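Below is the file start02.txt, which contains compact mmCIF, C-alpha atoms.
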# COMPACT_ATOMS: atom_id res chain seq x y z
CA ILE A 5 -99.73 35.30 49.32
CA ALA A 6 -97.80 32.85 47.20
CA GLY A 7 -94.35 34.29 47.75
CA SER A 8 -90.95 32.86 46.89
CA ARG A 9 -89.64 33.02 50.46
CA LEU A 10 -91.72 35.06 52.88
CA LEU A 11 -89.54 36.23 55.75
CA GLY A 12 -90.26 39.39 57.76
CA ILE A 13 -93.75 40.31 58.94
CA ALA A 14 -95.01 43.34 60.86
CA LEU A 15 -98.28 44.87 61.99
CA SER A 16 -98.84 48.61 62.48
CA SER A 17 -99.47 49.83 66.03
CA ASP A 18 -103.17 50.43 65.31
CA GLY A 19 -103.59 47.03 63.65
CA SER A 20 -104.73 48.48 60.33
CA LYS A 21 -101.76 47.47 58.16
CA LEU A 22 -99.80 44.24 57.73
CA VAL A 23 -96.58 44.07 55.72
CA ILE A 24 -94.49 41.10 54.63
CA SER A 25 -91.05 40.90 53.02
CA ASP A 26 -90.43 38.31 50.30
CA PHE A 27 -86.73 37.45 50.50
CA GLY A 28 -86.68 35.31 47.39
CA ALA A 29 -88.68 37.53 45.02
CA ASN A 30 -87.35 40.92 46.24
CA ARG A 31 -90.89 42.08 46.91
CA VAL A 32 -92.84 43.62 49.75
CA TYR A 33 -96.54 43.02 50.31
CA ALA A 34 -99.00 45.30 52.11
CA VAL A 35 -102.19 43.66 53.38
CA ASN A 36 -105.37 45.03 54.90
CA PRO A 37 -105.93 42.70 57.90
CA ASP A 38 -109.68 43.31 57.73
CA THR A 39 -109.73 42.23 54.08
CA PRO A 40 -106.77 39.84 53.63
CA SER A 41 -107.54 39.36 49.95
CA GLN A 42 -106.54 42.99 49.32
CA VAL A 43 -102.80 42.75 48.73
CA THR A 44 -100.59 45.47 47.26
CA THR A 45 -97.26 44.31 45.85
CA PHE A 46 -94.13 46.46 45.67
CA VAL A 47 -91.06 45.35 43.71
CA LEU A 48 -87.93 46.75 45.34
CA THR A 49 -85.79 48.91 43.11
CA GLY A 50 -82.02 48.56 43.11
CA ALA A 51 -79.74 45.54 42.89
CA SER A 52 -81.59 42.26 42.41
CA THR A 53 -79.28 40.56 44.91
CA CYS A 54 -80.32 42.87 47.77
CA ASN A 55 -82.95 40.77 49.48
CA PRO A 56 -85.47 42.36 51.89
CA THR A 57 -85.52 40.95 55.42
CA GLY A 58 -86.58 42.97 58.48
CA ILE A 59 -89.68 45.12 57.99
CA ALA A 60 -91.94 47.54 59.90
CA VAL A 61 -94.90 49.80 59.10
CA THR A 62 -96.39 52.92 60.66
CA SER A 63 -100.10 53.45 61.22
CA THR A 64 -99.95 56.27 58.65
CA GLY A 65 -98.81 53.88 55.92
CA THR A 66 -95.03 54.12 55.59
CA ILE A 67 -93.10 50.87 55.27
CA PHE A 68 -89.54 50.68 56.60
CA GLY A 69 -87.26 47.80 55.72
CA VAL A 70 -83.67 46.65 55.47
CA THR A 71 -81.87 44.51 52.90
CA THR A 72 -78.99 42.06 52.95
CA CYS A 73 -76.85 44.63 51.09
CA GLY A 74 -76.89 47.08 53.99
CA TYR A 75 -79.36 49.81 53.10
CA LEU A 76 -82.74 50.89 54.43
CA TYR A 77 -85.73 51.60 52.25
CA THR A 78 -89.09 53.28 52.74
CA ILE A 79 -92.26 52.73 50.76
CA ASN A 80 -95.32 54.97 50.88
CA ILE A 81 -98.21 52.51 50.62
CA SER A 82 -100.56 55.06 49.06
CA SER A 83 -98.25 56.44 46.37
CA GLY A 84 -95.83 53.55 45.98
CA VAL A 85 -92.86 55.93 46.15
CA GLN A 86 -89.67 54.23 47.33
CA THR A 87 -86.72 55.89 49.06
CA LYS A 88 -83.32 54.35 49.65
CA ILE A 89 -81.24 55.25 52.73
CA THR A 90 -77.60 54.17 53.00
CA PRO A 91 -76.27 54.76 56.54
CA ASN A 92 -72.60 55.72 56.76
CA GLU A 93 -72.37 53.50 59.84
CA TRP A 94 -72.91 50.45 57.61
CA ALA A 95 -70.27 51.32 55.02
CA ASN A 96 -67.75 48.56 54.25
CA LYS A 97 -69.72 45.97 56.22
CA SER A 98 -70.05 42.44 54.92
CA ASP A 99 -73.45 41.24 53.73
CA VAL A 100 -75.42 39.34 56.37
CA ALA A 101 -78.38 36.99 56.13
CA TYR A 102 -81.06 38.46 58.36
CA PRO A 103 -80.69 42.16 59.26
CA LYS A 104 -83.65 43.50 61.26
CA VAL A 105 -85.59 46.68 62.03
CA ALA A 106 -87.77 47.69 64.99
CA LEU A 107 -90.17 50.62 65.12
CA THR A 108 -90.98 52.44 68.36
CA GLY A 109 -94.59 52.39 69.52
CA ASP A 110 -95.14 56.05 68.66
CA GLY A 111 -93.73 55.56 65.17
CA LYS A 112 -91.18 58.33 65.63
CA ASN A 113 -87.96 56.31 65.66
CA LEU A 114 -86.67 53.25 63.85
CA TYR A 115 -83.86 51.01 65.04
CA ALA A 116 -82.01 48.89 62.50
CA SER A 117 -79.26 46.31 62.77
CA TYR A 118 -76.82 45.28 60.07
CA ALA A 119 -73.62 43.26 60.49
CA GLY A 120 -73.67 43.88 64.23
CA THR A 121 -73.96 47.67 63.95
CA ILE A 122 -77.19 49.20 65.28
CA ILE A 123 -78.45 52.61 64.23
CA GLU A 124 -81.39 54.82 65.18
CA LEU A 125 -83.33 56.78 62.56
CA ASN A 126 -85.28 59.80 63.76
CA ILE A 127 -88.06 59.59 61.21
CA GLY A 128 -89.29 63.16 61.53
CA ALA A 129 -85.86 64.77 61.36
CA GLY A 130 -84.35 62.22 58.98
CA THR A 131 -81.21 61.96 61.11
CA ILE A 132 -79.28 58.79 61.90
CA THR A 133 -77.22 58.10 65.01
CA GLY A 134 -75.21 54.99 65.73
CA ASN A 135 -72.99 53.28 68.22
CA PRO A 136 -69.64 51.86 67.04
CA ILE A 137 -69.86 49.01 69.56
CA GLN A 138 -69.50 45.75 67.66
CA ARG A 139 -68.80 42.75 69.81
CA GLN A 140 -70.05 40.21 67.31
CA VAL A 141 -71.60 40.23 63.86
CA ASP A 142 -75.08 38.85 64.46
CA ASP A 143 -78.59 39.39 63.17
CA GLU A 144 -80.29 40.29 66.42
CA LEU A 145 -82.37 43.33 67.27
CA ALA A 146 -85.21 43.71 69.76
CA VAL A 147 -86.67 46.66 71.69
CA SER A 148 -88.65 46.41 74.92
CA ALA A 149 -92.23 47.68 74.89
CA ASN A 150 -91.33 50.52 77.26
CA GLU A 151 -88.35 51.34 74.98
CA THR A 152 -85.81 51.29 77.81
CA THR A 153 -83.80 48.32 76.60
CA ILE A 154 -82.43 47.28 73.20
CA THR A 155 -80.56 44.09 72.41
CA GLY A 156 -78.23 43.45 69.50
CA SER A 157 -74.59 42.71 68.68
CA GLU A 158 -74.31 40.69 71.92
CA CYS A 159 -74.97 43.87 73.91
CA LEU A 160 -77.76 45.46 75.91
CA MET A 161 -78.31 49.19 75.32
CA ASP A 162 -80.67 51.96 76.33
CA SER A 163 -82.93 53.87 73.93
CA GLY A 164 -80.03 56.16 73.03
CA LEU A 165 -77.87 53.16 72.08
CA GLN A 166 -75.62 53.71 75.08
CA LEU A 167 -74.19 50.50 76.47
CA ILE A 168 -75.88 48.99 79.52
CA SER A 169 -73.82 45.81 79.50
CA PRO A 170 -72.44 43.13 77.20
CA ILE A 171 -74.24 39.80 77.45
CA THR A 172 -72.08 37.68 79.74
CA TYR A 173 -72.19 33.97 80.54
CA PRO A 174 -70.37 31.76 83.06
CA GLN A 175 -68.17 29.48 81.02
CA ARG A 176 -69.95 26.32 82.18
CA GLU A 177 -73.22 27.59 80.65
CA THR A 178 -71.65 27.87 77.20
CA TRP A 179 -70.76 24.21 76.82
CA ASN A 180 -72.68 22.19 74.23
CA VAL A 181 -75.22 24.91 73.44
CA ALA A 182 -75.97 26.80 70.24
CA SER A 183 -78.13 29.87 69.79
CA VAL A 184 -80.69 30.57 67.06
CA ASN A 185 -82.09 33.88 65.83
CA GLY A 186 -84.92 35.61 67.65
CA GLU A 187 -83.88 37.44 70.82
CA LYS A 188 -86.70 39.33 72.57
CA VAL A 189 -86.85 41.72 75.54
CA SER A 190 -89.55 41.67 78.22
CA ALA A 191 -92.10 44.50 78.29
CA ASP A 192 -90.43 46.15 81.31
CA GLY A 193 -86.95 45.86 79.81
CA ASN A 194 -85.61 43.73 82.65
CA LEU A 195 -85.28 40.34 80.95
CA LEU A 196 -83.70 39.18 77.71
CA PHE A 197 -85.10 36.01 76.14
CA LEU A 198 -82.34 34.33 74.16
CA PRO A 199 -83.35 31.25 72.12
CA LEU A 200 -81.12 28.19 71.83
CA THR A 201 -81.66 25.12 69.67
CA ASN A 202 -83.58 23.36 72.45
CA ALA A 203 -83.94 25.93 75.25
CA ILE A 204 -84.55 29.58 76.05
CA ASP A 205 -82.04 31.45 78.17
CA LEU A 206 -83.08 34.32 80.41
CA VAL A 207 -80.53 37.09 80.87
CA ASN A 208 -80.75 39.94 83.37
CA ALA A 209 -81.11 42.91 81.04
CA ARG A 210 -79.92 45.34 83.70
CA THR A 211 -76.60 43.57 84.26
CA GLY A 212 -76.17 41.41 81.16
CA LEU A 213 -75.62 38.32 83.33
CA PHE A 214 -77.05 34.88 82.63
CA TYR A 215 -80.07 34.30 84.88
CA ALA A 216 -81.82 31.02 84.03
CA ARG A 217 -82.27 28.38 81.34
CA VAL A 218 -85.59 26.77 80.40
CA GLY A 219 -85.23 23.49 78.52
CA LEU A 220 -87.69 22.70 75.74
CA PRO A 221 -88.96 19.30 74.57
CA THR A 222 -88.60 20.34 70.92
CA LEU A 223 -86.07 22.01 68.65
CA LEU A 224 -86.46 25.68 67.77
CA SER A 225 -86.26 26.83 64.17
CA SER A 226 -82.85 28.05 63.02
CA GLY A 227 -84.35 30.45 60.48
CA TYR A 228 -85.07 34.17 60.58
CA ASP A 229 -86.79 34.48 63.96
CA ALA A 230 -87.53 31.66 66.41
CA LEU A 231 -89.58 33.66 68.94
CA VAL A 232 -92.74 35.76 68.70
CA TYR A 233 -93.55 38.13 71.57
CA ASN A 234 -96.49 40.50 72.02
CA GLY A 235 -94.60 42.85 74.34
CA GLN A 236 -97.02 42.36 77.23
CA THR A 237 -96.73 39.20 79.34
CA ASN A 238 -93.81 36.76 79.46
CA VAL A 239 -95.58 34.27 77.21
CA LEU A 240 -93.81 33.59 73.92
CA ILE A 241 -94.69 31.70 70.77
CA ALA A 242 -91.79 29.57 69.58
CA ILE A 243 -91.33 28.58 65.94
CA THR A 244 -90.28 24.93 66.06
CA GLY A 245 -88.90 22.25 63.79
CA GLN A 246 -86.01 22.17 61.38
CA ASN A 247 -88.21 23.68 58.67
CA GLY A 248 -90.05 26.09 60.98
CA ASP A 249 -93.33 24.30 60.42
CA GLY A 250 -94.49 24.05 64.04
CA ILE A 251 -95.31 26.32 66.96
CA ALA A 252 -95.22 26.01 70.74
CA VAL A 253 -96.48 28.27 73.52
CA VAL A 254 -93.81 28.92 76.16
CA ASP A 255 -95.16 30.42 79.39
CA LEU A 256 -92.36 32.00 81.45
CA THR A 257 -94.60 33.99 83.80
CA SER A 258 -93.82 31.67 86.74
CA ILE A 259 -90.14 32.61 86.68
CA PRO A 260 -89.50 35.41 89.19
CA PRO A 261 -87.87 38.51 87.70
CA PRO A 262 -84.24 39.19 88.57
CA THR A 263 -83.52 41.65 91.33
CA VAL A 264 -82.88 45.13 89.99
CA PRO A 265 -79.24 45.88 90.90
CA GLN A 266 -78.52 48.49 93.52
CA TYR A 267 -75.66 50.46 92.06
CA LEU A 268 -72.97 51.87 94.29
CA THR A 269 -73.24 55.51 95.29
CA PRO A 270 -70.57 57.52 93.44
CA TRP A 271 -67.56 58.39 95.58
CA VAL A 272 -67.55 62.00 96.84
CA PRO A 273 -64.39 63.70 98.20
CA SER A 274 -64.47 64.14 101.95
CA SER A 275 -64.12 67.91 101.57
CA ASP A 276 -67.45 67.99 99.71
CA ARG A 277 -69.40 65.81 102.10
CA THR A 278 -72.06 67.38 104.30

Rewrite the structure from the file as structure tokens, please.
Amino acid sequence: IAGSRLLGIALSSDGSKLVISDFGANRVYAVNPDTPSQVTTFVLTGASTCNPTGIAVTSTGTIFGVTTCGYLYTINISSGVQTKITPNEWANKSDVAYPKVALTGDGKNLYASYAGTIIELNIGAGTITGNPIQRQVDDELAVSANETTITGSECLMDSGLQLISPITYPQRETWNVASVNGEKVSADGNLLFLPLTNAIDLVNARTGLFYARVGLPTLLSSGYDALVYNGQTNVLIAITGQNGDGIAVVDLTSIPPPTVPQYLTPWVPSSDRT
């Protein structure tokens, strides 16, 4: 595909459909992975300045995507019909560079992030729910394979977008570091992988607290997404280099998982104790 600026890429859960967003040409491409030469091109309708970024596709052939102007779109691969969805939760938000989407494994729900506000679309019902939490306007969104943990807007949330914890660092760990795009969550939802320019931070996804830092001998890409994760083992593919023209395999399986916190038992009045 000779695109202007290929950005988002997604594979359906059954591996039968591959979709790619072309940021520069305002196009979306659907590819049959078994026959890569078969490419269907869709030109997005609407404002020409609304560039497509994050993208996802169901096994039944519906593409879901988000644009820099703050609206979602769907495309039926078979018919080519496009639908525009403008969430109220994103009204009056400033345009951002790399909004993202994430589809649940069963294809029933879509999460989307724009300007630090994350929403959930129930695909069957067509309803949207959101969470007004907005700690920071960022472009992050990732969902664990078991769908217990979501990261975005510098927060960790459960599948209902209820806050688990903000991401919290000791001050000494914030000196002379800079993050890049591409947060991912471990398959069990217990670890957050947070990419820096030359390292990957591990955050306890149950408490939001910094856990460990793994230095890298190369710089990570500062583009759309610096980490690729298959949602199974703690082995990640890092996109490296200033131009994103290299890759590195980062094996984090030797790092022991953080201890799951033992929460305090709620206080019960003495009159109710048995």

Residues near range 172-176 of chain A, cut-off 7 Å, all atoms listed in the file, skip fewer than 5 positions along chain, as a PyMOL selection string = chain A and resi 212-214

Residue selection dump (C-alpha atoms) as an mmCIF file, in the frame of the given file:
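out.cif was written with the following content:
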data_model
loop_
_atom_site.group_PDB
_atom_site.id
_atom_site.type_symbol
_atom_site.label_atom_id
_atom_site.label_comp_id
_atom_site.auth_asym_id
_atom_site.auth_seq_id
_atom_site.Cartn_x
_atom_site.Cartn_y
_atom_site.Cartn_z
ATOM 1 C CA GLY A 212 -76.170 41.410 81.160
ATOM 2 C CA LEU A 213 -75.620 38.320 83.330
ATOM 3 C CA PHE A 214 -77.050 34.880 82.630
#

Find the residues near Gly193 in chain A: any atom within 9 Å, counting all atoms listed in the file, skip ones fewer than 3 places away on the same chain, and give them as a ChimeraX atom specification.
-> /A:147-154,189-190,196,209-210

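What separates CA of Gln246 in chain A from CA of Pro199 in chain A is a distance of 14.3 Å.
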
Residue contacts of Ser20 in chain A (7 Å, only C-alpha atoms) excluding same-chain residues fewer than 6 positions away, as number ranges by chain | A: 36-37, 63

Which residues are near range 39-44 of chain A? Cut-off 10 Å, only C-alpha atoms, ignore same chain within fewer than 4 positions. Put them as a compact mmCIF listing (two decimals) with C-alpha atoms, in the frame of the given file.
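Final output, out_38.txt:
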# COMPACT_ATOMS: atom_id res chain seq x y z
CA ILE A 5 -99.73 35.30 49.32
CA LEU A 22 -99.80 44.24 57.73
CA VAL A 23 -96.58 44.07 55.72
CA VAL A 32 -92.84 43.62 49.75
CA TYR A 33 -96.54 43.02 50.31
CA ALA A 34 -99.00 45.30 52.11
CA VAL A 35 -102.19 43.66 53.38
CA ILE A 81 -98.21 52.51 50.62
CA SER A 82 -100.56 55.06 49.06
CA GLY A 84 -95.83 53.55 45.98

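Between CA of Asn92 in chain A and CA of Ile123 in chain A lies a distance of 10.0 Å.
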
Go through A:Asn185, A:Gly235, A:Val207, A:Ile59 one by one, measure the shortest atom-to-atom distance of each to Ser169 in chain A using only C-alpha atoms, and give the residue with the smallest value.
-> A:Val207

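Taking CA of Gly134 in chain A and CA of Cys54 in chain A as the two end points, the separation is 22.3 Å.
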
Which residues, written as a VMD selection string, have at least one atom at most 8 Å from Ala106 in chain A, with all atoms listed in the file counted and residues fewer than 6 positions away on the same chain left out?
-> chain A and resid 59 to 60 114 to 116 145 to 147

May I have the residues at most 12 Å from (-93.6, 31.4, 81.1) in the file's coordinates, counting only C-alpha atoms, as JSON, numbers by chain?
-> {"A": [190, 197, 204, 205, 206, 217, 218, 219, 220, 233, 237, 238, 239, 240, 241, 242, 252, 253, 254, 255, 256, 257, 258, 259, 260, 261]}

Go ahead and fit an axis-aligned box to every listed atom of range 122-125 of chain A plus 6 Å each side, and pass me the centre and edge lengths in Å, one decimal, as JSON.
{"center_x": -80.3, "center_y": 53.0, "center_z": 63.9, "size_x": 18.1, "size_y": 19.6, "size_z": 14.7}

Using all atoms listed in the file, can you list as a ChimeraX atom specification the residues within 10 Å of (-76.9, 46.1, 61.3)?
-> /A:70-72,74-75,91,93-94,97,99-100,102-105,115-123,138,141-145,156-157

With all atoms listed in the file as the basis for distance, which of A:Thr155, A:Ser83, A:Ser17, A:Asn96 is at the shortest distance from Gly109 in chain A?
-> A:Ser17

Point out the residue among A:Gly250, A:Ser183, A:Pro136, A:Gly128 with the least atom-to-atom distance to Gln166 in chain A, counting only C-alpha atoms.
-> A:Pro136

Taking the partial coordinates given, rebuild range 124-149 of chain A to contain N, CA and C atoms; return it as a CSV table (one decimal), in the coordinates of the input.
chain,number,residue,atom,x,y,z
A,124,GLU,N,-80.1,54.3,64.9
A,124,GLU,CA,-81.4,54.8,65.2
A,124,GLU,C,-81.7,55.9,64.2
A,125,LEU,N,-82.9,55.8,63.5
A,125,LEU,CA,-83.3,56.8,62.6
A,125,LEU,C,-84.4,57.6,63.2
A,126,ASN,N,-84.2,58.9,63.3
A,126,ASN,CA,-85.3,59.8,63.8
A,126,ASN,C,-86.1,60.1,62.5
A,127,ILE,N,-87.3,59.5,62.5
A,127,ILE,CA,-88.1,59.6,61.2
A,127,ILE,C,-88.5,61.0,60.8
A,128,GLY,N,-88.9,61.8,61.8
A,128,GLY,CA,-89.3,63.2,61.5
A,128,GLY,C,-88.2,64.0,61.1
A,129,ALA,N,-87.0,63.9,61.7
A,129,ALA,CA,-85.9,64.8,61.4
A,129,ALA,C,-85.0,64.2,60.2
A,130,GLY,N,-85.1,62.9,60.0
A,130,GLY,CA,-84.4,62.2,59.0
A,130,GLY,C,-82.9,62.0,59.4
A,131,THR,N,-82.6,62.1,60.7
A,131,THR,CA,-81.2,62.0,61.1
A,131,THR,C,-80.9,60.5,61.6
A,132,ILE,N,-79.7,60.1,61.5
A,132,ILE,CA,-79.3,58.8,61.9
A,132,ILE,C,-78.2,58.9,62.9
A,133,THR,N,-78.3,58.2,64.0
A,133,THR,CA,-77.2,58.1,65.0
A,133,THR,C,-76.9,56.6,65.2
A,134,GLY,N,-75.7,56.4,65.6
A,134,GLY,CA,-75.2,55.0,65.7
A,134,GLY,C,-74.3,54.8,66.9
A,135,ASN,N,-73.9,53.6,67.2
A,135,ASN,CA,-73.0,53.3,68.2
A,135,ASN,C,-72.0,52.3,67.6
A,136,PRO,N,-70.7,52.7,67.7
A,136,PRO,CA,-69.6,51.9,67.0
A,136,PRO,C,-69.4,50.5,67.7
A,137,ILE,N,-70.1,50.3,68.9
A,137,ILE,CA,-69.9,49.0,69.6
A,137,ILE,C,-70.2,47.9,68.6
A,138,GLN,N,-69.3,46.9,68.5
A,138,GLN,CA,-69.5,45.8,67.7
A,138,GLN,C,-68.7,44.6,68.3
A,139,ARG,N,-69.4,43.9,69.2
A,139,ARG,CA,-68.8,42.8,69.8
A,139,ARG,C,-68.8,41.5,68.9
A,140,GLN,N,-69.9,41.4,68.1
A,140,GLN,CA,-70.0,40.2,67.3
A,140,GLN,C,-71.0,40.5,66.2
A,141,VAL,N,-70.7,40.0,65.0
A,141,VAL,CA,-71.6,40.2,63.9
A,141,VAL,C,-72.8,39.2,64.0
A,142,ASP,N,-73.9,39.7,64.4
A,142,ASP,CA,-75.1,38.8,64.5
A,142,ASP,C,-76.3,39.5,63.8
A,143,ASP,N,-77.4,38.9,63.8
A,143,ASP,CA,-78.6,39.4,63.2
A,143,ASP,C,-79.7,39.8,64.2
A,144,GLU,N,-79.3,40.1,65.4
A,144,GLU,CA,-80.3,40.3,66.4
A,144,GLU,C,-80.6,41.8,66.6
A,145,LEU,N,-81.9,42.0,66.9
A,145,LEU,CA,-82.4,43.3,67.3
A,145,LEU,C,-83.7,43.2,67.9
A,146,ALA,N,-83.9,43.7,69.1
A,146,ALA,CA,-85.2,43.7,69.8
A,146,ALA,C,-85.3,44.9,70.7
A,147,VAL,N,-86.5,45.5,70.8
A,147,VAL,CA,-86.7,46.7,71.7
A,147,VAL,C,-87.8,46.3,72.7
A,148,SER,N,-87.6,46.7,73.9
A,148,SER,CA,-88.6,46.4,74.9
A,148,SER,C,-89.8,47.3,74.7
A,149,ALA,N,-91.0,46.9,75.1
A,149,ALA,CA,-92.2,47.7,74.9
A,149,ALA,C,-92.2,49.1,75.5
